[in-house]
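J.: Before I ask anything, here is the structure I am working with.
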Amino acid sequence: MPSRTLRRKSRRVASPAPIAILTDFGYRDHYVGAMKGVIAGIAPDAHVIDITHGIPPQSVVAGAMALQQSWRFFPKSTVFLVVVDPGVGSTRKAIAIETRAGARFVGPDNGVISLAASDAGISRIVELREVKYRLRSVSSTFHGRDIFAPAAAWLSMGTPLTALGPQVKDITHLSIPSATRRADSIKGEVIYIDGFGNLVTNIPRAMLDDLAASFRATPLLVRIETGATMEIFQAYADAPTGAPLAILGSFEFLEIAIRDGSAASLLRLSEGAPVRVIVST
Amino acid sequence: MPSRTLRRKSRRVASPAPIAILTDFGYRDHYVGAMKGVIAGIAPDAHVIDITHGIPPQSVVAGAMALQQSWRFFPKSTVFLVVVDPGVGSTRKAIAIETRAGARFVGPDNGVISLAASDAGISRIVELREVKYRLRSVSSTFHGRDIFAPAAAWLSMGTPLTALGPQVKDITHLSIPSATRRADSIKGEVIYIDGFGNLVTNIPRAMLDDLAASFRATPLLVRIETGATMEIFQAYADAPTGAPLAILGSFEFLEIAIRDGSAASLLRLSEGAPVRVIVST
Amino acid sequence: MPSRTLRRKSRRVASPAPIAILTDFGYRDHYVGAMKGVIAGIAPDAHVIDITHGIPPQSVVAGAMALQQSWRFFPKSTVFLVVVDPGVGSTRKAIAIETRAGARFVGPDNGVISLAASDAGISRIVELREVKYRLRSVSSTFHGRDIFAPAAAWLSMGTPLTALGPQVKDITHLSIPSATRRADSIKGEVIYIDGFGNLVTNIPRAMLDDLAASFRATPLLVRIETGATMEIFQAYADAPTGAPLAILGSFEFLEIAIRDGSAASLLRLSEGAPVRVIVST
């Protein structure tokens with residue numbers, strides 16, 4: 001842990017920024033606890049907020065999407081500590097990012113913070129190489145505890161981003177497949193399955209609204225490969241129990257759900273499954 | 001999010017009330033995180049305490065019971081944010097409640113807060129319709145984030161209940177089946193199964209004590225439909241490992257458990273299974 | 001709950017110590033929430049940090065190891081509240097411990113705090129018998145809420161350890177099997193399986209370094225009973241995806257892992273499985 005002098009200096013800062021954590025560590029082990037212990041040693045008064053630790057193991061894409069869908073609901077100054085890190089100990093960089101929106105992001109440079117950081121407007125990137133802002137001993141398997149948690153805690157305390165290491169030009173970007181608009185339909189796919197079994201697609205509200213505007217009189221229908229065709233409802237509760245429905249979900253993408261049930265298990269769909277929006281004829 | 005002016009005013013309050021959260025959102029997704037982000041933006045210094053997010057999906061009854069069994073262990077001024085909301089986006093009301101015990105409850109009007117709120121003594125109910133205490137844009141699938149979390153945060157900051165919307169006369173009440181006392185027995189049922197597989201019944205301590213008092217010399221036995229008859233033990237550890245036992249659980253109801261095992265899976269019982277207490281003959 | 005007078009006195013303390021909680025209560029029920037409610041009533045400003053609540057039910061050994069591997073990452077003054085308590089309500093003692101490292105531990109005397117407390121240097125032990133530092137009514141099944149949580153909260157507020165009850169000479173110690181060094185090999189076993197399915201052995205880094213030093217030119221190999229032999233890698237990402245590998249894990253013990261997979265399920269190994277380190281020939 002950093003020296004006493006460093007610590008005392010940082011504590012002068014009026015009010016530490018909140019730290020929001022998102023990992024794939026799960027809830028069985030003490031790994032999240034160890035990270036929080038490290039944070040408490042550096043930034044004892046910071047509010048530490050769990051986004052989730054239930055990202056499926058090593059799922060960089062799921063982590064990136066969960067972060068992209070949640071970061072904007074936090075206070076502007078929040079430091080996001082993001083650890084979905086299958087390449088820990090390899091040559092992938094450990095980075096921290098400042099954004100024009102105010103949010104800061106700390107994590108591995110494998111794309112997991114790229115969607116959110118791009119949305120927030122990346123203004124500066126550093127590689128976390130300054131040893132005095134890491135734990136004294138750094139393992140090769142747990143940078144969350146040894147590198148990322150200390151960096152997030154120091155940022156929360158007011159340490160400038162540039163103190164954490166040399167600037168870097170760019171980060172690794174993830175590409176999430178986009179839905180495509182055709183004359184009388186939209187072609188998309190399932191990109192995230194949530195814990196309720198709701199199937200989140202990559203079809204945004206704007207594209208739906210646009211298609212609907214072109215065919216004013218006819219309602220839109222949603223079709224999946226197994227043949228089922230669904231109406232778009234305004235609320236889960238508008239559909240009969242057990243029936244599949246399409247809905248604009250809480251993050252402004254089209255979702256397929258089953259009222260009081262799991263669409264993922266009942267429709268046997270997984271990430272990548274094609275979803276089409278068509279005009280009723 | 002509410003305007004700057006609103007925000008600044010609320011921050012004058014000395015010390016925000018704690019906010020305790022209970023949902024069925026699970027631990028896989030970022031949904032709880034998004035709610036906490038919203039709270040941190042409105043009430044940055046409020047202590048936010050997770051009761052659980054593991055209520056089985058859409059189980060209003062399980063949520064109501066978990067809340068009923070835990071609210072009284074919290075500080076009096078606690079604001080309970082309760083989101084088990086299968087009817088989100090439908091016509092079910094979004095409400096907040098003040099109680100004579102001091103606790104406040106925020107959630108959907110589907111019964112999930114009714115057991116706890118009734119125990120605490122409902123003194124005032126409002127419907128959450130005032131738009132300035134909601135997020136600016138309200139989805140039809142995630143009122144936890146868009147309506148309930150902001151309401152709880154504003155209450156924590158000192159906003160009066162009546163500012164949140166018009167008063168309402170009554171709430172939706174759940175009815176949990178009651179155990180019935182007979183001359184020489186009690187007839188009840190399993191109403192909750194916990195994560196250890198313990199089977200919590202609706203037979204309260206007082207009813208057991210009363211029956212025991214009538215038959216002073218003879219011990220009581222507990223019988224389930226599959227035929228097993230169990231003694232009532234004082235501690236899990238008093239029973240042999242692997243044997244079913246009955247015990248007065250931590251919430252003052254009779255429970256059926258298996259030492260170092262899961263009664264639910266070993267006895268194959270679920271909610272609604274009849275349980276009888278008889279006098280040993 | 002203790003009397004108002006007690007409460008007011010304790011609140012004079014400048015800054016309460018952090019409280020870190022580790023239990024086997026899981027994430028389904030309200031049990032952890034009830035404990036946190038009790039803490040919030042006694043020590044409203046204490047930072048409460050979850051280590052994990054996912055210890056496998058009644059697994060005293062797993063709880064002891066998770067605590068041993070995490071406590072040292074927390075601030076020195078942290079109060080650890082540890083509840084893995086299959087003997088609740090029996091004659092096992094409820095205890096609190098002060099250590100030379102500063103950490104304090106509260107929990108059942110069944111060995112679950114013994115590994116960490118021994119590492120921290122036990123300096124004083126008390127049995128939690130003083131009724132004014134318990135909840136008013138103590139159940140026989142939930143001492144976590146009724147005895148341990150209040151004790152931890154009062155310690156956090158500055159209550160001296162000796163106020164909680166009479167001193168005790170010793171605690172129950174767990175014995176974790178040690179790895180044994182032979183002339184040209186090490187014999188150990190799997191002692192913990194984490195949520196990623198990584199198999200943590202009892203073979204410490206020092207023993208490996210020592211063996212490696214004796215056979216400088218030849219690399220070490222790790223062998224499990226099913227015949228697989230693995231190299232020791234520096235990072236998960238150095239091994240091919242899907243291949244078993246050995247690695248020095250984040251807590252300085254040899255682990256067996258599978259890159260982007262679960263070693264526990266793919267190799268079908270569980271706690272106690274023998275693991276040998278041999279010299280490549």
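FYI, nothing fancy with the structure tokens labels: chains A, B, ... in order, residues from 1 per chain, ligands from 1 as they appear.
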Please identify all polymer residues within 12 Å of Lys76 in chain C, counting only C-alpha atoms, omitting same-chain residues fewer than 6 positions from it, and present them as a list in words.
T.: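 In the requested form, the answer reads Gly37, Val38, Ala40, Gly41, Ile42 and Pro44 of chain A; Ala17, Pro18, Ile19, Ala20, Glu98, Thr99, Arg100, Ala101, Gly102, Ala103, Arg104, Phe105 and Ala120 of chain C.
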J.: Starting from chain A, keep only residues with some atom at most 10 Å from an atom of chain B, counting only C-alpha atoms, and report them as a compact mmCIF listing (two decimals) with all heavy atoms, in the first residue's frame.
T.:
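Dumped to selection-v5.txt:
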```txt
# COMPACT_ATOMS: atom_id res chain seq x y z
N ALA A 17 -14.88 11.15 -4.42
CA ALA A 17 -15.88 10.79 -5.43
C ALA A 17 -16.39 9.39 -5.17
O ALA A 17 -15.65 8.54 -4.65
CB ALA A 17 -15.25 10.88 -6.82
N PRO A 18 -17.65 9.12 -5.53
CA PRO A 18 -18.14 7.75 -5.37
C PRO A 18 -17.39 6.79 -6.29
O PRO A 18 -16.92 7.18 -7.36
CB PRO A 18 -19.62 7.84 -5.77
CG PRO A 18 -19.86 9.21 -6.28
CD PRO A 18 -18.66 10.05 -6.04
N ALA A 20 -17.94 3.16 -8.20
CA ALA A 20 -18.94 2.14 -8.58
C ALA A 20 -18.19 0.96 -9.18
O ALA A 20 -17.34 1.13 -10.06
CB ALA A 20 -19.93 2.72 -9.59
N ILE A 21 -18.50 -0.25 -8.68
CA ILE A 21 -17.72 -1.43 -9.08
C ILE A 21 -18.57 -2.39 -9.90
O ILE A 21 -19.71 -2.70 -9.54
CB ILE A 21 -17.20 -2.18 -7.85
CG1 ILE A 21 -16.64 -1.21 -6.80
CG2 ILE A 21 -16.12 -3.17 -8.25
CD1 ILE A 21 -16.03 -1.90 -5.59
N LEU A 22 -17.98 -2.88 -10.98
CA LEU A 22 -18.63 -3.90 -11.82
C LEU A 22 -17.58 -4.97 -12.14
O LEU A 22 -16.53 -4.67 -12.67
CB LEU A 22 -19.16 -3.25 -13.09
CG LEU A 22 -19.91 -4.14 -14.09
CD1 LEU A 22 -21.02 -3.34 -14.76
CD2 LEU A 22 -19.00 -4.72 -15.15
N ASP A 24 -16.86 -9.59 -12.78
CA ASP A 24 -17.38 -10.94 -13.01
C ASP A 24 -16.93 -11.87 -11.89
O ASP A 24 -16.83 -13.08 -12.10
CB ASP A 24 -16.91 -11.48 -14.37
CG ASP A 24 -15.41 -11.70 -14.43
OD1 ASP A 24 -14.67 -11.17 -13.55
OD2 ASP A 24 -14.95 -12.41 -15.34
N GLY A 26 -18.40 -12.77 -9.20
CA GLY A 26 -19.43 -13.56 -8.57
C GLY A 26 -19.56 -13.23 -7.09
O GLY A 26 -18.94 -12.28 -6.57
N TYR A 27 -20.37 -14.04 -6.39
CA TYR A 27 -20.72 -13.74 -5.01
C TYR A 27 -20.30 -14.84 -4.06
O TYR A 27 -20.69 -14.86 -2.91
CB TYR A 27 -22.22 -13.47 -4.92
CG TYR A 27 -22.62 -12.19 -5.61
CD1 TYR A 27 -22.93 -12.16 -6.96
CD2 TYR A 27 -22.60 -10.98 -4.92
CE1 TYR A 27 -23.24 -10.97 -7.60
CE2 TYR A 27 -22.92 -9.79 -5.55
CZ TYR A 27 -23.24 -9.79 -6.89
OH TYR A 27 -23.54 -8.61 -7.51
N ALA A 46 -14.98 7.20 0.94
CA ALA A 46 -15.64 7.14 -0.38
C ALA A 46 -16.86 6.23 -0.30
O ALA A 46 -16.83 5.19 0.35
CB ALA A 46 -14.66 6.60 -1.42
N HIS A 47 -17.92 6.63 -0.98
CA HIS A 47 -19.07 5.75 -1.11
C HIS A 47 -18.77 4.72 -2.19
O HIS A 47 -18.47 5.09 -3.32
CB HIS A 47 -20.33 6.54 -1.46
CG HIS A 47 -20.89 7.26 -0.29
ND1 HIS A 47 -21.86 6.71 0.52
CD2 HIS A 47 -20.59 8.46 0.24
CE1 HIS A 47 -22.14 7.56 1.49
NE2 HIS A 47 -21.39 8.63 1.36
N ILE A 49 -20.15 1.67 -4.38
CA ILE A 49 -21.46 1.20 -4.85
C ILE A 49 -21.25 0.01 -5.78
O ILE A 49 -20.49 0.10 -6.75
CB ILE A 49 -22.18 2.34 -5.61
CG1 ILE A 49 -22.33 3.57 -4.71
CG2 ILE A 49 -23.54 1.86 -6.12
CD1 ILE A 49 -22.79 4.82 -5.44
N ASP A 50 -21.90 -1.10 -5.49
CA ASP A 50 -21.82 -2.25 -6.38
C ASP A 50 -22.79 -2.07 -7.55
O ASP A 50 -23.99 -1.89 -7.32
CB ASP A 50 -22.21 -3.53 -5.63
CG ASP A 50 -21.25 -3.84 -4.50
OD1 ASP A 50 -20.05 -4.00 -4.78
OD2 ASP A 50 -21.69 -3.91 -3.33
N ILE A 51 -22.27 -2.11 -8.76
CA ILE A 51 -23.18 -2.19 -9.91
C ILE A 51 -23.64 -3.64 -10.00
O ILE A 51 -24.80 -3.95 -9.84
CB ILE A 51 -22.52 -1.70 -11.21
CG1 ILE A 51 -22.04 -0.26 -11.04
CG2 ILE A 51 -23.50 -1.81 -12.38
CD1 ILE A 51 -21.32 0.31 -12.25
N THR A 52 -22.73 -4.53 -10.26
CA THR A 52 -22.99 -5.96 -10.10
C THR A 52 -21.65 -6.68 -10.13
O THR A 52 -20.67 -6.16 -10.66
CB THR A 52 -23.89 -6.53 -11.22
OG1 THR A 52 -24.10 -7.93 -10.96
CG2 THR A 52 -23.24 -6.43 -12.59
N HIS A 53 -21.63 -7.86 -9.52
CA HIS A 53 -20.48 -8.75 -9.65
C HIS A 53 -20.89 -10.03 -10.35
O HIS A 53 -20.17 -11.02 -10.33
CB HIS A 53 -19.86 -9.02 -8.29
CG HIS A 53 -19.49 -7.75 -7.59
ND1 HIS A 53 -18.47 -6.96 -8.05
CD2 HIS A 53 -20.05 -7.09 -6.55
CE1 HIS A 53 -18.40 -5.87 -7.30
NE2 HIS A 53 -19.35 -5.92 -6.38
N GLY A 54 -22.05 -9.99 -10.98
CA GLY A 54 -22.61 -11.19 -11.58
C GLY A 54 -22.44 -11.29 -13.09
O GLY A 54 -23.10 -12.12 -13.73
N ILE A 55 -21.58 -10.46 -13.67
CA ILE A 55 -21.28 -10.60 -15.10
C ILE A 55 -20.79 -12.04 -15.33
O ILE A 55 -19.98 -12.54 -14.56
CB ILE A 55 -20.18 -9.59 -15.51
CG1 ILE A 55 -20.64 -8.14 -15.24
CG2 ILE A 55 -19.76 -9.78 -16.96
CD1 ILE A 55 -21.86 -7.71 -16.01
N PRO A 56 -21.32 -12.72 -16.35
CA PRO A 56 -20.85 -14.09 -16.58
C PRO A 56 -19.31 -14.13 -16.71
O PRO A 56 -18.74 -13.24 -17.35
CB PRO A 56 -21.54 -14.48 -17.90
CG PRO A 56 -22.76 -13.61 -17.97
CD PRO A 56 -22.37 -12.32 -17.31
N ALA A 62 -20.57 -8.79 -22.19
CA ALA A 62 -21.66 -8.57 -21.22
C ALA A 62 -21.29 -7.48 -20.23
O ALA A 62 -22.12 -6.64 -19.87
CB ALA A 62 -21.99 -9.87 -20.49
N GLY A 63 -20.05 -7.49 -19.78
CA GLY A 63 -19.59 -6.44 -18.86
C GLY A 63 -19.66 -5.07 -19.50
O GLY A 63 -20.12 -4.09 -18.88
N MET A 65 -21.58 -4.08 -21.89
CA MET A 65 -22.96 -3.62 -22.09
C MET A 65 -23.62 -3.22 -20.78
O MET A 65 -24.35 -2.23 -20.72
CB MET A 65 -23.75 -4.72 -22.77
CG MET A 65 -23.19 -4.99 -24.16
SD MET A 65 -24.28 -6.07 -25.09
CE MET A 65 -25.80 -5.15 -24.91
N ALA A 66 -23.36 -3.97 -19.72
CA ALA A 66 -23.93 -3.61 -18.42
C ALA A 66 -23.41 -2.24 -17.98
O ALA A 66 -24.15 -1.42 -17.43
CB ALA A 66 -23.59 -4.68 -17.38
N LEU A 67 -22.14 -1.99 -18.24
CA LEU A 67 -21.56 -0.69 -17.88
C LEU A 67 -22.15 0.41 -18.74
O LEU A 67 -22.53 1.48 -18.23
CB LEU A 67 -20.04 -0.74 -18.04
CG LEU A 67 -19.30 0.53 -17.62
CD1 LEU A 67 -19.43 0.75 -16.11
CD2 LEU A 67 -17.83 0.46 -18.01
N GLN A 68 -22.25 0.15 -20.03
CA GLN A 68 -22.79 1.15 -20.94
C GLN A 68 -24.22 1.54 -20.55
O GLN A 68 -24.63 2.69 -20.68
CB GLN A 68 -22.79 0.61 -22.38
CG GLN A 68 -23.27 1.65 -23.40
CD GLN A 68 -23.30 1.10 -24.81
OE1 GLN A 68 -23.58 -0.07 -25.02
NE2 GLN A 68 -23.02 1.95 -25.79
N GLN A 69 -24.96 0.57 -20.06
CA GLN A 69 -26.36 0.83 -19.74
C GLN A 69 -26.57 1.43 -18.35
O GLN A 69 -27.68 1.81 -18.01
CB GLN A 69 -27.16 -0.47 -19.89
CG GLN A 69 -27.14 -0.96 -21.34
CD GLN A 69 -28.12 -2.06 -21.60
OE1 GLN A 69 -28.54 -2.75 -20.67
NE2 GLN A 69 -28.52 -2.25 -22.84
N SER A 70 -25.52 1.47 -17.56
CA SER A 70 -25.74 1.97 -16.19
C SER A 70 -24.95 3.23 -15.84
O SER A 70 -25.37 3.98 -14.95
CB SER A 70 -25.46 0.88 -15.16
OG SER A 70 -24.23 0.27 -15.38
N TRP A 71 -23.81 3.48 -16.47
CA TRP A 71 -22.93 4.55 -15.99
C TRP A 71 -23.63 5.91 -15.91
O TRP A 71 -23.40 6.68 -15.00
CB TRP A 71 -21.66 4.66 -16.85
CG TRP A 71 -21.88 5.29 -18.19
CD1 TRP A 71 -22.22 4.66 -19.34
CD2 TRP A 71 -21.80 6.69 -18.49
NE1 TRP A 71 -22.36 5.56 -20.36
CE2 TRP A 71 -22.11 6.81 -19.87
CE3 TRP A 71 -21.50 7.84 -17.76
CZ2 TRP A 71 -22.12 8.05 -20.51
CZ3 TRP A 71 -21.53 9.07 -18.39
CH2 TRP A 71 -21.83 9.17 -19.75
N ARG A 72 -24.53 6.20 -16.86
CA ARG A 72 -25.10 7.56 -16.90
C ARG A 72 -26.09 7.83 -15.77
O ARG A 72 -26.52 8.98 -15.59
CB ARG A 72 -25.72 7.86 -18.24
CG ARG A 72 -26.98 7.10 -18.57
CD ARG A 72 -27.45 7.40 -20.00
NE ARG A 72 -26.64 6.72 -20.99
CZ ARG A 72 -25.96 7.35 -21.98
NH1 ARG A 72 -26.02 8.64 -22.10
NH2 ARG A 72 -25.24 6.65 -22.83
N PHE A 73 -26.46 6.82 -15.00
CA PHE A 73 -27.36 7.05 -13.87
C PHE A 73 -26.61 7.42 -12.58
O PHE A 73 -27.22 7.69 -11.57
CB PHE A 73 -28.24 5.82 -13.65
CG PHE A 73 -29.18 5.60 -14.80
CD1 PHE A 73 -28.86 4.74 -15.84
CD2 PHE A 73 -30.36 6.32 -14.87
CE1 PHE A 73 -29.71 4.59 -16.92
CE2 PHE A 73 -31.22 6.17 -15.95
CZ PHE A 73 -30.90 5.31 -16.98
N PHE A 74 -25.29 7.43 -12.64
CA PHE A 74 -24.48 7.75 -11.47
C PHE A 74 -24.10 9.23 -11.46
O PHE A 74 -24.14 9.89 -12.50
CB PHE A 74 -23.22 6.90 -11.48
CG PHE A 74 -23.47 5.48 -11.03
CD1 PHE A 74 -24.00 4.54 -11.91
CD2 PHE A 74 -23.23 5.10 -9.73
CE1 PHE A 74 -24.27 3.25 -11.49
CE2 PHE A 74 -23.49 3.81 -9.31
CZ PHE A 74 -24.01 2.88 -10.19
N PRO A 75 -23.70 9.75 -10.29
CA PRO A 75 -23.22 11.13 -10.24
C PRO A 75 -22.07 11.34 -11.22
O PRO A 75 -21.29 10.42 -11.48
CB PRO A 75 -22.75 11.29 -8.79
CG PRO A 75 -23.54 10.28 -8.02
CD PRO A 75 -23.75 9.14 -8.95
N LYS A 76 -21.96 12.56 -11.72
CA LYS A 76 -20.98 12.86 -12.77
C LYS A 76 -19.55 12.49 -12.43
O LYS A 76 -18.77 12.11 -13.29
CB LYS A 76 -21.02 14.36 -13.10
CG LYS A 76 -22.20 14.72 -13.96
CD LYS A 76 -22.08 16.15 -14.48
CE LYS A 76 -23.29 16.44 -15.37
NZ LYS A 76 -23.32 17.83 -15.82
N THR A 78 -18.36 10.13 -10.67
CA THR A 78 -18.12 8.74 -10.26
C THR A 78 -16.90 8.11 -10.93
O THR A 78 -16.66 8.30 -12.11
CB THR A 78 -19.37 7.89 -10.55
OG1 THR A 78 -20.48 8.45 -9.84
CG2 THR A 78 -19.18 6.44 -10.12
N ILE A 193 -28.65 -11.18 -22.40
CA ILE A 193 -29.76 -11.87 -21.74
C ILE A 193 -29.67 -11.54 -20.26
O ILE A 193 -28.63 -11.74 -19.63
CB ILE A 193 -29.66 -13.38 -21.95
CG1 ILE A 193 -29.72 -13.67 -23.46
CG2 ILE A 193 -30.76 -14.13 -21.21
CD1 ILE A 193 -29.60 -15.13 -23.80
N ASP A 194 -30.73 -11.01 -19.69
CA ASP A 194 -30.63 -10.60 -18.30
C ASP A 194 -31.07 -11.72 -17.36
O ASP A 194 -31.44 -12.82 -17.80
CB ASP A 194 -31.37 -9.28 -18.05
CG ASP A 194 -32.88 -9.42 -17.94
OD1 ASP A 194 -33.40 -10.55 -17.90
OD2 ASP A 194 -33.54 -8.38 -17.88
N GLY A 195 -30.97 -11.48 -16.09
CA GLY A 195 -31.24 -12.50 -15.08
C GLY A 195 -32.69 -12.95 -15.01
O GLY A 195 -32.99 -13.99 -14.45
N PHE A 196 -33.60 -12.15 -15.56
CA PHE A 196 -35.00 -12.56 -15.64
C PHE A 196 -35.23 -13.45 -16.87
O PHE A 196 -36.32 -13.95 -17.08
CB PHE A 196 -35.93 -11.34 -15.75
CG PHE A 196 -36.01 -10.52 -14.49
CD1 PHE A 196 -35.22 -9.40 -14.32
CD2 PHE A 196 -36.89 -10.88 -13.47
CE1 PHE A 196 -35.31 -8.63 -13.15
CE2 PHE A 196 -36.98 -10.12 -12.31
CZ PHE A 196 -36.18 -9.00 -12.15
N PHE A 233 -45.62 -4.61 -26.91
CA PHE A 233 -46.49 -4.13 -25.83
C PHE A 233 -45.87 -2.95 -25.10
O PHE A 233 -44.66 -2.70 -25.20
CB PHE A 233 -46.74 -5.26 -24.82
CG PHE A 233 -47.71 -6.30 -25.31
CD1 PHE A 233 -47.25 -7.44 -25.98
CD2 PHE A 233 -49.07 -6.15 -25.12
CE1 PHE A 233 -48.14 -8.40 -26.43
CE2 PHE A 233 -49.97 -7.11 -25.57
CZ PHE A 233 -49.50 -8.24 -26.23
N GLN A 234 -46.69 -2.22 -24.37
CA GLN A 234 -46.21 -1.09 -23.58
C GLN A 234 -45.72 -1.52 -22.20
O GLN A 234 -44.94 -0.82 -21.58
CB GLN A 234 -47.33 -0.05 -23.40
CG GLN A 234 -47.73 0.63 -24.69
CD GLN A 234 -46.56 1.35 -25.35
OE1 GLN A 234 -45.84 2.07 -24.69
NE2 GLN A 234 -46.36 1.13 -26.64
N ALA A 235 -46.21 -2.64 -21.69
CA ALA A 235 -45.84 -3.09 -20.34
C ALA A 235 -45.91 -4.60 -20.30
O ALA A 235 -46.72 -5.20 -21.01
CB ALA A 235 -46.78 -2.49 -19.29
N TYR A 236 -45.07 -5.22 -19.50
CA TYR A 236 -45.10 -6.68 -19.37
C TYR A 236 -46.53 -7.14 -19.05
O TYR A 236 -47.01 -8.16 -19.54
CB TYR A 236 -44.18 -7.15 -18.24
CG TYR A 236 -42.72 -6.81 -18.44
CD1 TYR A 236 -42.01 -6.13 -17.45
CD2 TYR A 236 -42.04 -7.19 -19.60
CE1 TYR A 236 -40.66 -5.82 -17.63
CE2 TYR A 236 -40.70 -6.89 -19.78
CZ TYR A 236 -40.01 -6.21 -18.79
OH TYR A 236 -38.68 -5.91 -18.95
N ALA A 237 -47.16 -6.36 -18.19
CA ALA A 237 -48.46 -6.78 -17.68
C ALA A 237 -49.58 -6.69 -18.72
O ALA A 237 -50.68 -7.17 -18.49
CB ALA A 237 -48.82 -5.94 -16.45
N ASP A 238 -49.29 -6.09 -19.87
CA ASP A 238 -50.30 -6.02 -20.92
C ASP A 238 -50.44 -7.35 -21.66
O ASP A 238 -51.44 -7.58 -22.35
CB ASP A 238 -49.95 -4.92 -21.93
CG ASP A 238 -50.09 -3.53 -21.32
OD1 ASP A 238 -50.69 -3.43 -20.23
OD2 ASP A 238 -49.58 -2.56 -21.92
N ILE A 247 -41.08 -5.66 -26.23
CA ILE A 247 -41.29 -4.44 -25.46
C ILE A 247 -40.05 -3.57 -25.58
O ILE A 247 -38.95 -4.09 -25.77
CB ILE A 247 -41.59 -4.81 -23.99
CG1 ILE A 247 -42.09 -3.60 -23.20
CG2 ILE A 247 -40.38 -5.42 -23.30
CD1 ILE A 247 -42.72 -3.99 -21.87
N LEU A 248 -40.23 -2.26 -25.47
CA LEU A 248 -39.06 -1.39 -25.39
C LEU A 248 -38.57 -1.40 -23.96
O LEU A 248 -39.24 -0.91 -23.05
CB LEU A 248 -39.40 0.02 -25.85
CG LEU A 248 -39.08 0.20 -27.33
CD1 LEU A 248 -39.78 1.40 -27.89
CD2 LEU A 248 -37.56 0.34 -27.52
N GLY A 249 -37.42 -1.97 -23.73
CA GLY A 249 -36.92 -2.18 -22.38
C GLY A 249 -36.39 -0.91 -21.75
O GLY A 249 -36.42 0.17 -22.34
N SER A 250 -35.88 -1.06 -20.54
CA SER A 250 -35.51 0.10 -19.74
C SER A 250 -34.27 0.81 -20.26
O SER A 250 -33.94 1.88 -19.80
CB SER A 250 -35.29 -0.32 -18.29
OG SER A 250 -34.40 -1.42 -18.22
N PHE A 251 -33.56 0.20 -21.22
CA PHE A 251 -32.39 0.87 -21.76
C PHE A 251 -32.61 1.25 -23.22
O PHE A 251 -31.69 1.40 -23.98
CB PHE A 251 -31.15 0.03 -21.52
CG PHE A 251 -30.91 -0.14 -20.06
CD1 PHE A 251 -31.41 -1.23 -19.36
CD2 PHE A 251 -30.23 0.83 -19.35
CE1 PHE A 251 -31.21 -1.36 -18.00
CE2 PHE A 251 -30.03 0.71 -17.98
CZ PHE A 251 -30.52 -0.38 -17.30
N GLU A 252 -33.89 1.33 -23.61
CA GLU A 252 -34.27 1.88 -24.91
C GLU A 252 -33.92 0.96 -26.07
O GLU A 252 -33.73 1.42 -27.19
CB GLU A 252 -33.65 3.28 -25.10
CG GLU A 252 -34.07 4.27 -24.03
CD GLU A 252 -35.51 4.72 -24.21
OE1 GLU A 252 -35.79 5.43 -25.19
OE2 GLU A 252 -36.36 4.37 -23.35
N ARG A 259 -44.15 -12.76 -19.93
CA ARG A 259 -44.71 -12.26 -18.69
C ARG A 259 -44.63 -13.31 -17.60
O ARG A 259 -45.10 -14.43 -17.78
CB ARG A 259 -46.17 -11.83 -18.91
CG ARG A 259 -46.71 -11.19 -17.65
CD ARG A 259 -48.12 -10.71 -17.81
NE ARG A 259 -48.67 -10.46 -16.49
CZ ARG A 259 -49.92 -10.23 -16.23
NH1 ARG A 259 -50.78 -10.19 -17.22
NH2 ARG A 259 -50.32 -10.03 -14.99
N ASP A 260 -44.02 -12.94 -16.46
CA ASP A 260 -43.86 -13.83 -15.32
C ASP A 260 -43.12 -15.11 -15.69
O ASP A 260 -43.36 -16.18 -15.10
CB ASP A 260 -45.22 -14.17 -14.68
CG ASP A 260 -45.94 -12.93 -14.17
OD1 ASP A 260 -45.27 -11.89 -14.00
OD2 ASP A 260 -47.16 -13.00 -13.95
N GLY A 261 -42.21 -15.04 -16.67
CA GLY A 261 -41.43 -16.22 -17.03
C GLY A 261 -40.11 -15.81 -17.68
O GLY A 261 -39.82 -14.63 -17.82
N SER A 262 -39.31 -16.80 -18.06
CA SER A 262 -38.02 -16.55 -18.68
C SER A 262 -38.07 -16.82 -20.17
O SER A 262 -38.20 -17.97 -20.61
CB SER A 262 -36.95 -17.44 -18.04
OG SER A 262 -35.80 -17.49 -18.87
```
J.: List every residue of range 27-264 of chain B that DSSP, applied to the backbone of this structure, assigns to strand (DSSP E or B), and report them as a ChimeraX atom specification.
T.: /B:48-52,79-83,94-99,104-108,122-127,167,180-181,185-193,199-204,220-224,229-233,244-248,253-258,261
J.: When you draw a straight line from CA of Ala213 in chain B to CA of Asp119 in chain B, how long is it in Å?
T.: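 CA of Asp119 in chain B lies at a distance of 27.0 Å from CA of Ala213 in chain B.
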J.: Among the residues of range 15-212 of chain A, find those DSSP assigns to alpha helix (DSSP H) from the backbone and print them as a PyMOL selection string.
T.: chain A and resi 31-42+60-70+114-120+143+149-156+205-212
J.: Can you list, as a tab-separated table (two decimals) with C-alpha atoms, in the first residue's frame, every protein, DNA or RNA residue that comes within 8 Å of Glu130 in chain B when you count only C-alpha atoms, leaving out same-chain residues fewer than 4 positions away?
T.:
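Resulting contents of out-v4.tsv:
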```tsv
chain	number	residue	atom	x	y	z
B	134	ARG	CA	-39.04	11.20	-10.82
B	163	ALA	CA	-44.87	16.46	-1.91
B	164	LEU	CA	-44.55	13.23	-3.87
B	165	GLY	CA	-48.14	13.06	-5.01
```
